[in-house]
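Peer 1: Enclosed is the structure file coords30.tsv (TSV, N, CA, C and O atoms).
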chain	number	residue	atom	x	y	z
A	1	MET	N	118.55	105.24	97.30
A	1	MET	CA	118.44	104.99	98.72
A	1	MET	C	119.07	106.11	99.53
A	1	MET	O	118.79	106.24	100.71
A	2	ASP	N	119.93	106.88	98.90
A	2	ASP	CA	120.58	107.99	99.59
A	2	ASP	C	119.56	109.05	100.01
A	2	ASP	O	119.69	109.65	101.08
A	3	ILE	N	118.55	109.25	99.18
A	3	ILE	CA	117.52	110.25	99.48
A	3	ILE	C	116.74	109.84	100.73
A	3	ILE	O	116.46	110.67	101.59
A	4	LEU	N	116.41	108.55	100.82
A	4	LEU	CA	115.67	108.08	101.99
A	4	LEU	C	116.49	108.21	103.27
A	4	LEU	O	115.96	108.58	104.32
A	5	LYS	N	117.79	107.93	103.15
A	5	LYS	CA	118.65	108.06	104.32
A	5	LYS	C	118.75	109.52	104.75
A	5	LYS	O	118.65	109.84	105.94
A	6	ASP	N	118.91	110.42	103.79
A	6	ASP	CA	118.97	111.85	104.12
A	6	ASP	C	117.66	112.35	104.72
A	6	ASP	O	117.65	113.15	105.65
A	7	LEU	N	116.55	111.87	104.16
A	7	LEU	CA	115.24	112.26	104.69
A	7	LEU	C	115.07	111.77	106.12
A	7	LEU	O	114.58	112.51	106.98
A	8	TRP	N	115.48	110.54	106.41
A	8	TRP	CA	115.36	110.01	107.75
A	8	TRP	C	116.23	110.80	108.72
A	8	TRP	O	115.81	111.13	109.83
A	9	LEU	N	117.47	111.11	108.31
A	9	LEU	CA	118.36	111.88	109.18
A	9	LEU	C	117.80	113.28	109.45
A	9	LEU	O	117.91	113.79	110.56
A	10	PHE	N	117.18	113.88	108.43
A	10	PHE	CA	116.56	115.19	108.61
A	10	PHE	C	115.42	115.12	109.64
A	10	PHE	O	115.34	115.95	110.55
A	11	MET	N	114.55	114.11	109.47
A	11	MET	CA	113.42	113.99	110.40
A	11	MET	C	113.90	113.69	111.82
A	11	MET	O	113.33	114.19	112.79
A	12	LYS	N	114.93	112.88	111.95
A	12	LYS	CA	115.44	112.53	113.27
A	12	LYS	C	116.11	113.72	113.95
A	12	LYS	O	115.90	113.96	115.14
A	13	GLU	N	116.88	114.48	113.19
A	13	GLU	CA	117.61	115.61	113.76
A	13	GLU	C	116.68	116.75	114.15
A	13	GLU	O	116.84	117.38	115.19
A	14	ARG	N	115.70	117.04	113.29
A	14	ARG	CA	114.81	118.18	113.53
A	14	ARG	C	113.52	117.81	114.26
A	14	ARG	O	112.65	118.65	114.43
A	15	LYS	N	113.38	116.54	114.64
A	15	LYS	CA	112.19	116.05	115.35
A	15	LYS	C	110.91	116.30	114.54
A	15	LYS	O	109.91	116.76	115.06
A	16	LYS	N	110.97	116.00	113.26
A	16	LYS	CA	109.82	116.20	112.37
A	16	LYS	C	109.20	114.85	112.02
A	16	LYS	O	108.97	114.53	110.86
A	17	PHE	N	108.91	114.04	113.02
A	17	PHE	CA	108.37	112.71	112.78
A	17	PHE	C	106.95	112.74	112.23
A	17	PHE	O	106.47	111.74	111.71
A	18	TRP	N	106.27	113.86	112.32
A	18	TRP	CA	104.93	113.97	111.77
A	18	TRP	C	104.95	113.92	110.24
A	18	TRP	O	103.92	113.69	109.62
A	19	LEU	N	106.13	114.09	109.62
A	19	LEU	CA	106.24	114.00	108.17
A	19	LEU	C	106.17	112.55	107.68
A	19	LEU	O	105.84	112.30	106.52
A	20	PHE	N	106.50	111.60	108.55
A	20	PHE	CA	106.57	110.20	108.15
A	20	PHE	C	105.25	109.67	107.58
A	20	PHE	O	105.25	109.08	106.49
A	21	PRO	N	104.09	109.87	108.22
A	21	PRO	CA	102.84	109.38	107.63
A	21	PRO	C	102.51	110.04	106.29
A	21	PRO	O	101.98	109.39	105.39
A	22	ILE	N	102.84	111.30	106.14
A	22	ILE	CA	102.58	112.00	104.87
A	22	ILE	C	103.40	111.38	103.75
A	22	ILE	O	102.90	111.15	102.65
A	23	ILE	N	104.65	111.09	104.02
A	23	ILE	CA	105.53	110.51	103.02
A	23	ILE	C	105.05	109.11	102.64
A	23	ILE	O	105.04	108.75	101.45
A	24	ILE	N	104.63	108.32	103.62
A	24	ILE	CA	104.13	106.97	103.35
A	24	ILE	C	102.89	107.03	102.47
A	24	ILE	O	102.76	106.27	101.51
A	25	ILE	N	101.96	107.93	102.78
A	25	ILE	CA	100.74	108.06	101.99
A	25	ILE	C	101.07	108.47	100.56
A	25	ILE	O	100.49	107.95	99.60
A	26	LEU	N	101.99	109.41	100.39
A	26	LEU	CA	102.37	109.83	99.04
A	26	LEU	C	103.01	108.68	98.25
A	26	LEU	O	102.75	108.52	97.05
A	27	LEU	N	103.83	107.88	98.91
A	27	LEU	CA	104.45	106.73	98.24
A	27	LEU	C	103.40	105.70	97.83
A	27	LEU	O	103.44	105.17	96.71
A	28	VAL	N	102.44	105.43	98.70
A	28	VAL	CA	101.39	104.47	98.38
A	28	VAL	C	100.54	104.97	97.22
A	28	VAL	O	100.21	104.21	96.30
A	29	LEU	N	100.18	106.23	97.23
A	29	LEU	CA	99.41	106.79	96.11
A	29	LEU	C	100.19	106.74	94.81
A	29	LEU	O	99.63	106.46	93.75
A	30	GLY	N	101.49	106.99	94.87
A	30	GLY	CA	102.32	106.90	93.67
A	30	GLY	C	102.35	105.50	93.11
A	30	GLY	O	102.25	105.30	91.89
A	31	VAL	N	102.47	104.51	93.98
A	31	VAL	CA	102.47	103.11	93.53
A	31	VAL	C	101.12	102.75	92.92
A	31	VAL	O	101.05	102.08	91.89
A	32	LEU	N	100.04	103.20	93.54
A	32	LEU	CA	98.71	102.92	92.98
A	32	LEU	C	98.53	103.56	91.61
A	32	LEU	O	97.92	102.97	90.72
A	33	ILE	N	99.04	104.75	91.43
A	33	ILE	CA	98.92	105.41	90.13
A	33	ILE	C	99.71	104.65	89.07
A	33	ILE	O	99.24	104.45	87.95
A	34	VAL	N	100.90	104.20	89.42
A	34	VAL	CA	101.71	103.44	88.45
A	34	VAL	C	101.02	102.14	88.09
A	34	VAL	O	100.92	101.78	86.91
A	35	PHE	N	100.54	101.39	89.08
A	35	PHE	CA	99.86	100.13	88.79
A	35	PHE	C	98.52	100.36	88.10
A	35	PHE	O	98.10	99.55	87.27
A	36	GLY	N	97.85	101.43	88.44
A	36	GLY	CA	96.55	101.72	87.86
A	36	GLY	C	96.61	102.07	86.40
A	36	GLY	O	95.66	101.85	85.65
A	37	GLY	N	97.71	102.59	85.95
A	37	GLY	CA	97.81	103.01	84.57
A	37	GLY	C	98.39	101.97	83.64
A	37	GLY	O	98.21	102.05	82.42
A	38	SER	N	99.05	100.95	84.18
A	38	SER	CA	99.78	100.06	83.28
A	38	SER	C	99.67	98.59	83.63
A	38	SER	O	100.60	97.83	83.35
A	39	SER	N	98.58	98.16	84.19
A	39	SER	CA	98.49	96.74	84.51
A	39	SER	C	97.06	96.25	84.37
A	39	SER	O	96.13	97.01	84.15
A	40	ALA	N	96.91	94.95	84.52
A	40	ALA	CA	95.58	94.35	84.46
A	40	ALA	C	94.78	94.64	85.72
A	40	ALA	O	93.59	94.38	85.78
A	41	LEU	N	95.44	95.16	86.73
A	41	LEU	CA	94.76	95.48	87.99
A	41	LEU	C	94.08	96.85	87.96
A	41	LEU	O	93.50	97.27	88.95
A	42	ALA	N	94.16	97.53	86.84
A	42	ALA	CA	93.63	98.89	86.74
A	42	ALA	C	92.17	99.01	87.16
A	42	ALA	O	91.82	99.92	87.92
A	43	PRO	N	91.27	98.12	86.71
A	43	PRO	CA	89.87	98.27	87.14
A	43	PRO	C	89.69	98.17	88.66
A	43	PRO	O	88.83	98.83	89.24
A	44	PHE	N	90.51	97.36	89.31
A	44	PHE	CA	90.40	97.20	90.75
A	44	PHE	C	90.96	98.42	91.48
A	44	PHE	O	90.44	98.81	92.53
A	45	VAL	N	92.02	99.01	90.96
A	45	VAL	CA	92.59	100.20	91.57
A	45	VAL	C	91.64	101.38	91.43
A	45	VAL	O	91.43	102.14	92.36
A	46	TYR	N	91.00	101.50	90.27
A	46	TYR	CA	90.09	102.62	90.05
A	46	TYR	C	88.85	102.50	90.94
A	46	TYR	O	88.26	103.50	91.31
A	47	SER	N	88.48	101.28	91.30
A	47	SER	CA	87.30	101.12	92.15
A	47	SER	C	87.59	101.57	93.59
A	47	SER	O	86.66	101.82	94.36
A	48	LEU	N	88.86	101.69	93.97
A	48	LEU	CA	89.20	102.19	95.31
A	48	LEU	C	88.86	103.67	95.45
A	48	LEU	O	88.58	104.14	96.54
A	49	PHE	N	88.91	104.40	94.36
A	49	PHE	CA	88.66	105.83	94.40
A	49	PHE	C	87.27	106.12	93.90
A	49	PHE	O	86.74	107.10	93.87
Can you turn what I pasted into structure tokens?
Peer 2:
Amino acid sequence: MDILKDLWLFMKERKKFWLFPIIIILLVLGVLIVFGGSSALAPFVYSLF
């Protein structure tokens, strides 16, 4: 959680709020990759792409 706090402080201090949507998209894609490779939901995740 320390990394997220540091990232938020960086974006707030440097006014780089445009990074927030990019980070969210990368996190969502990472979660989809993890679930797509190791669960019963894999066929449904692959159909999204």
Peer 1: Residues of chain A classed as helix (DSSP H, G or I) by DSSP on the backbone are to be reported as a ChimeraX atom specification.
Peer 2: /A:2-14,19-38,42-48
Peer 1: Expressed in Å to a single decimal, how great is the separation between atom N of Pro21 (chain A) and atom C of Val34 (chain A)?
Peer 2: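 About the pair atom N of Pro21 (chain A) and atom C of Val34 (chain A): they are 21.8 Å apart.
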Peer 1: Give me, please, the distance in Å between atom C of Trp18 (chain A) and atom O of Ile33 (chain A), quoted to one decimal.
Peer 2: 24.9 Å
Peer 1: Quick one, how far is CA of Gly30 (chain A) from CA of Leu9 (chain A)?
Peer 2: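 The value is 22.9 Å.
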Peer 1: Mind giving me the axis-aligned box for region 23-37 of chain A with 4 Å on every side, centre plus edges in Å to one decimal, as AutoDock Vina command-line options?
Peer 2:
--center_x 100.6 --center_y 105.3 --center_z 93.2 --size_x 17.9 --size_y 19.5 --size_z 29.6
Peer 1: Show which residues sit within 12 Å of region 2-6 of chain A, as a PyMOL selection string. Count only C-alpha atoms, and ignore same-chain residues fewer than 6 positions away.
Peer 2: chain A and resi 12-13+20+23-24+27
